[in-house]
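Engineer: Input file: target_23.cif. Contents: mmCIF, C-alpha atoms.
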```
data_data
#
loop_
_atom_site.label_atom_id
_atom_site.label_comp_id
_atom_site.auth_asym_id
_atom_site.auth_seq_id
_atom_site.Cartn_x
_atom_site.Cartn_y
_atom_site.Cartn_z
CA MET F 1 21.90 -0.28 5.50
CA THR F 2 19.34 2.45 5.97
CA THR F 3 15.61 2.54 5.41
CA ALA F 4 14.51 4.72 2.48
CA LEU F 5 11.66 7.17 2.92
CA ILE F 6 10.26 7.93 -0.51
CA THR F 7 7.90 10.87 -0.79
CA HIS F 8 7.31 14.09 -2.74
CA PRO F 9 5.69 17.49 -2.08
CA ASP F 10 3.35 16.85 -5.04
CA GLY F 11 1.44 14.54 -2.71
CA LEU F 12 0.22 17.61 -0.85
CA LYS F 13 -1.16 19.17 -4.05
CA HIS F 14 -3.79 16.45 -4.52
CA LEU F 15 -6.73 18.39 -3.09
CA MET F 16 -10.10 17.15 -1.84
CA PRO F 17 -13.46 18.72 -1.01
CA GLU F 18 -13.82 20.15 2.49
CA GLY F 19 -14.35 17.34 4.98
CA HIS F 20 -13.06 14.55 2.75
CA PRO F 21 -11.11 11.98 4.81
CA GLU F 22 -8.29 11.48 2.25
CA ARG F 23 -6.87 14.97 2.73
CA PRO F 24 -3.37 16.42 2.39
CA ALA F 25 -3.06 16.61 6.18
CA ARG F 26 -2.69 12.82 6.20
CA LEU F 27 0.69 13.07 4.50
CA GLU F 28 1.71 16.09 6.59
CA TYR F 29 1.03 14.18 9.82
CA VAL F 30 2.89 11.08 8.64
CA LEU F 31 5.95 13.05 7.57
CA ALA F 32 5.96 15.05 10.80
CA ALA F 33 5.88 11.81 12.79
CA LEU F 34 8.92 10.54 10.86
CA GLU F 35 11.00 13.71 11.33
CA GLY F 36 14.34 13.13 12.98
CA LYS F 37 14.40 9.38 12.32
CA THR F 38 17.36 7.75 10.59
CA LEU F 39 15.97 7.56 7.08
CA GLU F 40 17.35 8.13 3.60
CA HIS F 41 15.05 10.72 2.08
CA VAL F 42 14.31 10.14 -1.61
CA HIS F 43 12.05 12.15 -3.92
CA ALA F 44 9.46 9.98 -5.61
CA PRO F 45 9.89 10.16 -9.40
CA MET F 46 7.05 10.19 -11.90
CA ALA F 47 6.05 6.67 -12.91
CA ALA F 48 7.10 5.57 -16.37
CA GLU F 49 4.25 4.83 -18.75
CA ASP F 50 5.60 1.31 -19.28
CA ASP F 51 5.26 0.55 -15.58
CA LEU F 52 1.67 1.76 -15.44
CA LEU F 53 0.80 -0.12 -18.62
CA ARG F 54 1.87 -3.41 -17.04
CA VAL F 55 -1.38 -3.34 -15.06
CA HIS F 56 -3.62 -0.69 -16.67
CA PRO F 57 -4.76 -0.40 -20.31
CA PRO F 58 -3.80 2.73 -22.28
CA ALA F 59 -7.43 3.86 -22.23
CA HIS F 60 -7.34 4.12 -18.42
CA LEU F 61 -4.40 6.50 -18.52
CA GLU F 62 -5.94 8.47 -21.36
CA ARG F 63 -9.24 8.89 -19.51
CA LEU F 64 -7.50 10.17 -16.39
CA ARG F 65 -5.38 12.62 -18.38
CA ALA F 66 -8.48 13.85 -20.19
CA ALA F 67 -10.42 14.22 -16.94
CA ALA F 68 -7.71 16.14 -15.06
CA PRO F 69 -9.05 19.64 -14.35
CA GLU F 70 -7.12 22.85 -14.83
CA THR F 71 -9.02 24.46 -11.95
CA GLY F 72 -11.33 23.25 -9.21
CA LEU F 73 -12.31 19.66 -8.59
CA ILE F 74 -13.93 16.94 -10.67
CA GLN F 75 -15.58 13.82 -9.28
CA LEU F 76 -14.75 10.38 -10.72
CA ASP F 77 -17.09 8.42 -8.45
CA GLY F 78 -18.86 8.85 -5.13
CA ASP F 79 -15.69 9.52 -3.18
CA THR F 80 -12.83 9.84 -5.70
CA PHE F 81 -11.89 13.33 -6.88
CA MET F 82 -9.26 15.01 -9.03
CA SER F 83 -7.79 18.48 -8.59
CA PRO F 84 -5.17 20.15 -10.83
CA GLY F 85 -2.41 18.50 -8.78
CA THR F 86 -3.90 15.02 -8.60
CA LEU F 87 -2.45 13.41 -11.70
CA ALA F 88 1.14 14.36 -10.84
CA ALA F 89 0.63 13.10 -7.28
CA ALA F 90 -0.70 9.77 -8.54
CA TYR F 91 2.17 9.38 -11.00
CA ARG F 92 4.64 10.08 -8.20
CA ALA F 93 2.91 7.61 -5.84
CA ALA F 94 3.31 4.85 -8.42
CA GLY F 95 6.78 6.03 -9.36
CA GLY F 96 7.78 6.10 -5.71
CA ALA F 97 6.75 2.49 -5.27
CA VAL F 98 8.78 1.48 -8.32
CA ARG F 99 11.78 3.46 -7.04
CA ALA F 100 11.48 1.67 -3.71
CA VAL F 101 11.63 -1.70 -5.48
CA ASP F 102 14.67 -0.59 -7.47
CA MET F 103 16.47 0.59 -4.33
CA VAL F 104 15.97 -2.57 -2.30
CA MET F 105 16.75 -4.79 -5.28
CA ALA F 106 20.00 -2.89 -5.89
CA GLY F 107 20.98 -3.00 -2.22
CA GLU F 108 20.79 0.79 -1.97
CA ALA F 109 18.40 0.45 0.99
CA ALA F 110 17.58 -2.40 3.33
CA ASN F 111 13.88 -1.66 3.03
CA ALA F 112 11.67 1.28 2.11
CA PHE F 113 8.54 3.15 3.13
CA VAL F 114 6.68 5.03 0.40
CA ALA F 115 4.78 7.95 1.95
CA CYS F 116 2.76 9.29 -0.95
CA ARG F 117 -0.86 9.92 -1.78
CA PRO F 118 -3.32 9.18 -3.29
CA PRO F 119 -3.39 5.58 -2.10
CA GLY F 120 -3.68 2.85 -4.71
CA HIS F 121 -5.08 -0.48 -3.59
CA HIS F 122 -8.67 0.13 -4.73
CA ALA F 123 -7.88 1.13 -8.33
CA GLU F 124 -8.97 -1.70 -10.61
CA THR F 125 -7.77 -2.48 -14.13
CA ALA F 126 -9.73 0.31 -15.81
CA THR F 127 -11.61 1.86 -12.87
CA PRO F 128 -10.38 4.51 -10.43
CA MET F 129 -12.25 4.16 -7.15
CA GLY F 130 -12.00 4.43 -3.38
CA PHE F 131 -9.69 7.48 -3.46
CA CYS F 132 -7.29 5.56 -5.81
CA LEU F 133 -6.27 6.20 -9.44
CA PHE F 134 -3.47 3.71 -10.11
CA GLY F 135 -2.85 0.29 -8.58
CA THR F 136 0.38 1.44 -6.99
CA VAL F 137 1.39 -1.77 -5.22
CA ALA F 138 0.43 -3.91 -8.22
CA VAL F 139 2.55 -1.64 -10.44
CA ALA F 140 5.50 -2.17 -8.08
CA ALA F 141 4.97 -5.94 -7.98
CA ARG F 142 4.83 -6.28 -11.76
CA HIS F 143 7.93 -4.08 -12.09
CA ALA F 144 9.78 -6.37 -9.72
CA LEU F 145 8.70 -9.44 -11.68
CA ASP F 146 9.22 -8.13 -15.20
CA HIS F 147 12.08 -5.66 -14.86
CA HIS F 148 14.09 -7.41 -12.15
CA GLY F 149 13.24 -10.93 -13.30
CA LEU F 150 11.92 -12.15 -9.96
CA ARG F 151 9.96 -15.38 -9.93
CA ARG F 152 7.79 -14.72 -6.87
CA VAL F 153 6.56 -11.51 -5.22
CA ALA F 154 4.14 -11.44 -2.28
CA VAL F 155 1.87 -8.54 -1.32
CA MET F 156 0.46 -8.29 2.21
CA ASP F 157 -2.35 -5.76 2.72
CA PHE F 158 -3.44 -5.01 6.30
CA ASP F 159 -5.57 -1.96 5.43
CA VAL F 160 -9.02 -2.23 7.01
CA HIS F 161 -10.64 -2.12 3.56
CA HIS F 162 -10.09 -5.00 1.18
CA GLY F 163 -7.56 -4.22 -1.56
CA ASN F 164 -9.97 -5.06 -4.37
CA GLY F 165 -7.82 -3.23 -6.91
CA THR F 166 -4.62 -5.07 -6.07
CA GLN F 167 -6.52 -8.34 -6.17
CA ASP F 168 -8.06 -7.46 -9.54
CA LEU F 169 -4.67 -6.54 -11.00
CA LEU F 170 -2.72 -9.53 -9.65
CA GLU F 171 -5.16 -12.43 -9.32
CA ALA F 172 -4.30 -13.78 -12.80
CA GLU F 173 -0.55 -13.39 -12.20
CA ALA F 174 0.81 -16.75 -11.01
CA ARG F 175 4.11 -15.16 -9.93
CA ALA F 176 2.35 -12.94 -7.37
CA LEU F 177 0.66 -13.83 -4.07
CA PHE F 178 -1.87 -11.36 -2.64
CA CYS F 179 -2.83 -11.68 1.03
CA SER F 180 -5.27 -9.40 2.84
CA THR F 181 -6.70 -8.98 6.31
CA HIS F 182 -9.65 -6.58 6.36
CA GLN F 183 -12.98 -5.90 7.99
CA MET F 184 -16.06 -7.57 6.54
CA PRO F 185 -18.74 -6.44 6.05
CA LEU F 186 -17.32 -3.11 4.92
CA TRP F 187 -16.84 -1.19 1.67
CA PRO F 188 -15.92 -2.25 -1.05
CA GLY F 189 -17.69 -5.54 -0.24
CA THR F 190 -15.08 -7.80 -1.82
CA GLY F 191 -12.51 -10.00 -0.10
CA ALA F 192 -14.45 -13.09 0.91
CA ALA F 193 -12.40 -16.12 1.85
CA HIS F 194 -13.63 -18.02 -1.22
CA GLU F 195 -11.92 -15.49 -3.55
CA THR F 196 -8.67 -17.36 -4.20
CA GLY F 197 -7.43 -16.14 -7.60
CA ALA F 198 -6.78 -17.89 -10.89
CA HIS F 199 -3.75 -19.75 -9.49
CA ASP F 200 -4.75 -20.11 -5.83
CA ASN F 201 -2.65 -16.98 -5.35
CA VAL F 202 -5.13 -14.87 -3.38
CA LEU F 203 -5.66 -15.26 0.37
CA ASN F 204 -8.39 -13.20 2.01
CA VAL F 205 -8.87 -13.33 5.78
CA PRO F 206 -11.89 -11.16 6.64
CA LEU F 207 -12.34 -10.00 10.24
CA PRO F 208 -15.70 -9.07 11.81
CA PRO F 209 -16.44 -5.56 13.10
CA GLY F 210 -15.05 -5.16 16.59
CA ALA F 211 -12.17 -7.59 16.06
CA GLY F 212 -9.02 -6.47 17.83
CA SER F 213 -5.48 -7.48 18.55
CA ALA F 214 -6.17 -11.13 19.40
CA GLU F 215 -8.19 -11.80 16.26
CA PHE F 216 -5.79 -9.93 13.98
CA ARG F 217 -2.71 -11.65 15.38
CA ALA F 218 -4.39 -15.05 15.18
CA ALA F 219 -5.26 -14.43 11.52
CA MET F 220 -1.69 -13.43 10.80
CA THR F 221 0.08 -16.24 12.67
CA GLY F 222 -2.43 -18.95 11.79
CA THR F 223 -3.08 -18.17 8.13
CA VAL F 224 -1.27 -15.26 6.48
CA LEU F 225 2.32 -15.69 7.63
CA PRO F 226 2.45 -19.44 6.93
CA ARG F 227 1.01 -18.86 3.46
CA ILE F 228 3.64 -16.25 2.62
CA ALA F 229 6.38 -18.52 3.98
CA GLU F 230 5.09 -21.39 1.84
CA PHE F 231 5.14 -19.14 -1.24
CA ALA F 232 8.76 -18.16 -0.43
CA PRO F 233 8.74 -14.76 -2.15
CA GLU F 234 11.88 -13.04 -3.36
CA LEU F 235 10.39 -9.63 -2.47
CA LEU F 236 7.69 -8.70 0.04
CA ILE F 237 5.52 -5.64 -0.59
CA VAL F 238 3.22 -4.28 2.13
CA SER F 239 0.07 -2.25 1.61
CA ALA F 240 0.33 -0.40 4.90
CA GLY F 241 -3.08 1.04 5.67
CA PHE F 242 -3.53 2.10 9.29
CA ASP F 243 -7.32 2.48 9.29
CA ALA F 244 -7.82 -0.74 11.27
CA HIS F 245 -6.84 1.43 14.28
CA ARG F 246 -9.57 1.70 16.90
CA ALA F 247 -9.67 5.51 16.48
CA ASP F 248 -10.31 5.45 12.74
CA PRO F 249 -13.65 6.99 11.72
CA LEU F 250 -14.27 4.85 8.61
CA ALA F 251 -14.26 1.34 10.10
CA GLN F 252 -14.79 -0.70 13.25
CA LEU F 253 -11.69 -2.78 13.97
CA ASP F 254 -9.89 -2.33 17.27
CA LEU F 255 -6.15 -2.36 16.57
CA VAL F 256 -3.55 -0.07 18.13
CA GLU F 257 -0.06 1.05 17.15
CA GLU F 258 1.56 -1.97 18.81
CA ASP F 259 -0.38 -4.30 16.50
CA PHE F 260 1.07 -2.65 13.41
CA ALA F 261 4.57 -2.83 14.90
CA TRP F 262 4.02 -6.51 15.74
CA ALA F 263 2.84 -7.27 12.19
CA THR F 264 5.82 -5.40 10.76
CA GLU F 265 8.25 -7.44 12.89
CA HIS F 266 6.76 -10.69 11.60
CA LEU F 267 6.74 -9.51 8.00
CA CYS F 268 10.39 -8.49 8.37
CA ASP F 269 11.11 -11.97 9.71
CA LEU F 270 9.65 -13.42 6.52
CA ALA F 271 11.61 -10.97 4.39
CA ASP F 272 14.80 -11.98 6.19
CA ALA F 273 14.05 -15.68 5.74
CA HIS F 274 13.08 -15.60 2.07
CA CYS F 275 13.91 -12.24 0.47
CA GLY F 276 17.31 -11.26 1.79
CA GLY F 277 15.45 -8.70 3.92
CA ARG F 278 13.95 -6.99 0.87
CA LEU F 279 10.67 -5.34 1.91
CA VAL F 280 8.84 -2.35 0.42
CA SER F 281 5.98 -0.73 2.34
CA ASN F 282 3.46 1.59 0.72
CA LEU F 283 1.12 3.95 2.60
CA GLU F 284 -2.56 3.22 1.99
CA GLY F 285 -5.38 4.30 4.33
CA GLY F 286 -5.66 5.78 7.82
CA TYR F 287 -8.02 8.67 8.47
CA ASP F 288 -7.68 9.67 12.12
CA LEU F 289 -4.66 11.94 11.86
CA ALA F 290 -3.13 11.25 15.27
CA ALA F 291 -3.64 7.49 15.01
CA LEU F 292 -2.29 7.46 11.47
CA ALA F 293 0.85 9.35 12.46
CA ALA F 294 1.53 7.19 15.53
CA SER F 295 0.88 3.95 13.64
CA ALA F 296 3.07 4.92 10.68
CA ALA F 297 5.87 5.88 13.08
CA ALA F 298 5.60 2.54 14.89
CA HIS F 299 5.71 0.72 11.55
CA VAL F 300 8.71 2.66 10.28
CA ASP F 301 10.58 2.32 13.60
CA VAL F 302 10.57 -1.44 13.07
CA LEU F 303 11.77 -1.05 9.46
CA ILE F 304 14.63 1.17 10.64
CA ALA F 305 15.68 -1.21 13.41
CA ARG F 306 15.52 -4.25 11.14
CA GLY F 307 17.34 -2.52 8.31
CA ALA F 308 20.17 -1.49 10.60
CA ALA F 309 20.54 -4.93 12.21
#
```
Now that the file is in, can you turn its structure into structure tokens?

Structural biologist:
Amino acid sequence: MTTALITHPDGLKHLMPEGHPERPARLEYVLAALEGKTLEHVHAPMAAEDDLLRVHPPAHLERLRAAAPETGLIQLDGDTFMSPGTLAAAYRAAGGAVRAVDMVMAGEAANAFVACRPPGHHAETATPMGFCLFGTVAVAARHALDHHGLRRVAVMDFDVHHGNGTQDLLEAEARALFCSTHQMPLWPGTGAAHETGAHDNVLNVPLPPGAGSAEFRAAMTGTVLPRIAEFAPELLIVSAGFDAHRADPLAQLDLVEEDFAWATEHLCDLADAHCGGRLVSNLEGGYDLAALAASAAAHVDVLIARGAA
């Protein structure tokens, strides 16, 4: 089977102030790096309200709709903005993640990469933050559990920033396991090892500034991968942020493209062992354009090879 690439041009219409790191060029560079690869291209649909309401209250959606500007930009917090195209982009990012789950569950794709923006893993239950409006990966996980009737879904987040939103949205959900490697100390300041969730279903493995390949791989092989294997998920969802790359301007980890490919291989091994190969990856951070593009390509190359095997 093929790997699905789920994206939409609306992701380019989510505009930012000049100099903002979460800019449309991020998506342009990722898509350019994936050109010519053997991928099934799928347009991300708009998320259904029911899917968003599995993790966000109606008031959250209403506030975002009311805030959406007709012209210009409005600021939701210190670094989260909305332009006239933002709301549609956010709905398509969440809808794309749900579509990815549906495709791999139906056997229409071996695995999937959702290349949309804005990212989602910082959006909390009723709080947009950290460039994120909706908890995209949490929406996808709850859709898999509730709509497809799965008993166990695991989320692995290797973005350099802790996925505080995904943790907030899933930590009370016993059917979901959330695992994260991230730099600490670093914004948003959450993700300590003692944060374990209401059902011992959260695993945080913070890494110190300057940590590189050896430390990351040790955290994965010694802690994260065994925990996911023990949980035995029926679907594995990846929050694929590439800002732990040594070139990224917003953090101080020292990973390179080969580390993301290595992690993807091991996550695919787990998906093969427990999930029938079912894996959905969702683009999160990554703010050096060249490093982001190269890392995303390395990640997707593994998905393609594993899906075709």

Engineer: Which residues would end up in the selection if the PyMOL selection byres ((chain F and resi 242-257) around 10) were applied here, given that I need the answer as JSON, numbers by chain?

Structural biologist: {"F": [21, 158, 159, 160, 161, 181, 182, 183, 184, 185, 186, 187, 207, 208, 209, 210, 211, 212, 213, 214, 215, 216, 217, 239, 240, 241, 258, 259, 260, 261, 262, 283, 284, 285, 286, 287, 288, 289, 290, 291, 292, 293, 294, 295, 296, 297, 298, 299]}

Engineer: From the set F:Gly96, F:Pro233, F:Gly191, F:Pro69, which residue has the shortest atom-to-atom contact distance to His43 in chain F, counting only C-alpha atoms?

Structural biologist: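 Of F:Gly96, F:Pro233, F:Gly191, F:Pro69, the one nearest His43 in chain F, counting only C-alpha atoms, is F:Gly96.
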
Engineer: Quote the spacing between CA of Thr7 in chain F and CA of Phe113 in chain F in Å to one decimal place.

Structural biologist: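 We find that CA of Thr7 in chain F and CA of Phe113 in chain F lie 8.7 Å from each other.
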
Engineer: Can you tell me which residues surround Phe134 in chain F at a distance of at most 10 Å, considering all atoms listed in the file, apart from same-chain residues fewer than 2 positions away, and format the answer as a ChimeraX atom specification?

Structural biologist: /F:52,55-56,60-61,64,87,90-91,93-94,118-129,131-132,136-139,165-166

Engineer: Please produce a file of those selected residues containing C-alpha atoms, as a tab-separated table (two decimals), in the coordinates of the input.

Structural biologist:
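Result file out06.tsv:
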```
chain	number	residue	atom	x	y	z
F	52	LEU	CA	1.67	1.76	-15.44
F	55	VAL	CA	-1.38	-3.34	-15.06
F	56	HIS	CA	-3.62	-0.69	-16.67
F	60	HIS	CA	-7.34	4.12	-18.42
F	61	LEU	CA	-4.40	6.50	-18.52
F	64	LEU	CA	-7.50	10.17	-16.39
F	87	LEU	CA	-2.45	13.41	-11.70
F	90	ALA	CA	-0.70	9.77	-8.54
F	91	TYR	CA	2.17	9.38	-11.00
F	93	ALA	CA	2.91	7.61	-5.84
F	94	ALA	CA	3.31	4.85	-8.42
F	118	PRO	CA	-3.32	9.18	-3.29
F	119	PRO	CA	-3.39	5.58	-2.10
F	120	GLY	CA	-3.68	2.85	-4.71
F	121	HIS	CA	-5.08	-0.48	-3.59
F	122	HIS	CA	-8.67	0.13	-4.73
F	123	ALA	CA	-7.88	1.13	-8.33
F	124	GLU	CA	-8.97	-1.70	-10.61
F	125	THR	CA	-7.77	-2.48	-14.13
F	126	ALA	CA	-9.73	0.31	-15.81
F	127	THR	CA	-11.61	1.86	-12.87
F	128	PRO	CA	-10.38	4.51	-10.43
F	129	MET	CA	-12.25	4.16	-7.15
F	131	PHE	CA	-9.69	7.48	-3.46
F	132	CYS	CA	-7.29	5.56	-5.81
F	136	THR	CA	0.38	1.44	-6.99
F	137	VAL	CA	1.39	-1.77	-5.22
F	138	ALA	CA	0.43	-3.91	-8.22
F	139	VAL	CA	2.55	-1.64	-10.44
F	165	GLY	CA	-7.82	-3.23	-6.91
F	166	THR	CA	-4.62	-5.07	-6.07
```

Engineer: Using the chain letters and numbering of this document, enumerate as a list in words the residues selected by the PyMOL selection byres ((chain F and resi 303-305) around 8).

Structural biologist: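 Taken on the displayed file, the PyMOL selection byres ((chain F and resi 303-305) around 8) yields the residues Thr2, Thr3, Thr38, Leu39, Asn111, Ala112, Thr264, Cys268, His299, Val300, Asp301, Val302, Arg306, Gly307, Ala308 and Ala309 of chain F.
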
Engineer: Please compute the CA of Arg152 in chain F-CA of Val42 in chain F distance, one decimal, in Å.

Structural biologist: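 Separation between CA of Arg152 in chain F and CA of Val42 in chain F: 26.2 Å.
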
Engineer: Using Å and a single decimal, report how far CA of Val101 in chain F sits from CA of Val224 in chain F.

Structural biologist: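 Taking CA of Val224 in chain F and CA of Val101 in chain F, their separation equals 22.2 Å.
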
Engineer: May I have the centre and edge lengths, in Å to one decimal, of an axis-aligned box around the listed atoms of range 283-298 of chain F with 5 Å added to every side, as AutoDock Vina command-line options?

Structural biologist:
```
--center_x -1.1 --center_y 7.2 --center_z 8.8 --size_x 23.9 --size_y 19.4 --size_z 23.5
```

Engineer: Hey, what's within 9 Å of Glu70 in chain F if we count all atoms listed in the file and toss same-chain stuff fewer than 3 positions away? As a VMD selection string, please?

Structural biologist: chain F and resid 73 83 to 85

Engineer: Counting all atoms listed in the file, figure out which residue out of F:Asp146, F:Leu170, F:Thr80, F:Val104 gets nearest to Leu133 in chain F.

Structural biologist: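 Nearest to Leu133 in chain F: F:Thr80.
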
Engineer: F:Asp79, F:Thr86, F:Ala144, F:Cys179: which is nearest Pro226 in chain F, counting only C-alpha atoms?

Structural biologist: F:Cys179

Engineer: Any idea what's packed within 12 Å of Lys13 in chain F, counting all atoms listed in the file, ignoring anything in its chain fewer than 2 positions away? Could you give it as number ranges by chain?

Structural biologist: F: 8-11, 15-16, 23-25, 27-28, 82-90, 92, 116-118

Engineer: With all atoms listed in the file as the basis for distance, which of F:Gly197, F:Pro57, F:Gly95, F:Gly277 is at the shortest distance from Ile6 in chain F?

Structural biologist: F:Gly95

Engineer: Taking into account only C-alpha atoms, which residue in the set F:Ala174, F:Ala33, F:Met156, F:Leu5 is nearest to Ala115 in chain F?

Structural biologist: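 Of all the options, F:Leu5 lies closest to Ala115 in chain F.
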
Engineer: For the PyMOL selection byres ((chain F and resi 270) around 10), applied here, can you spell out every residue it catches as a PyMOL selection string?

Structural biologist: chain F and resi 225-226+228-229+232-233+235-236+264-269+271-279

Engineer: Contacts of Asp102 in chain F at 10 Å or less, counting all atoms listed in the file, minus same-chain residues fewer than 2 places along, as a PyMOL selection string?

Structural biologist: chain F and resi 96-100+104-109+140+143-144+147-148+280

Engineer: Of the residues F:Leu177, F:Val114, F:Ser281, F:Val205, which is the one nearest to Gly222 in chain F, using all atoms listed in the file?

Structural biologist: F:Val205
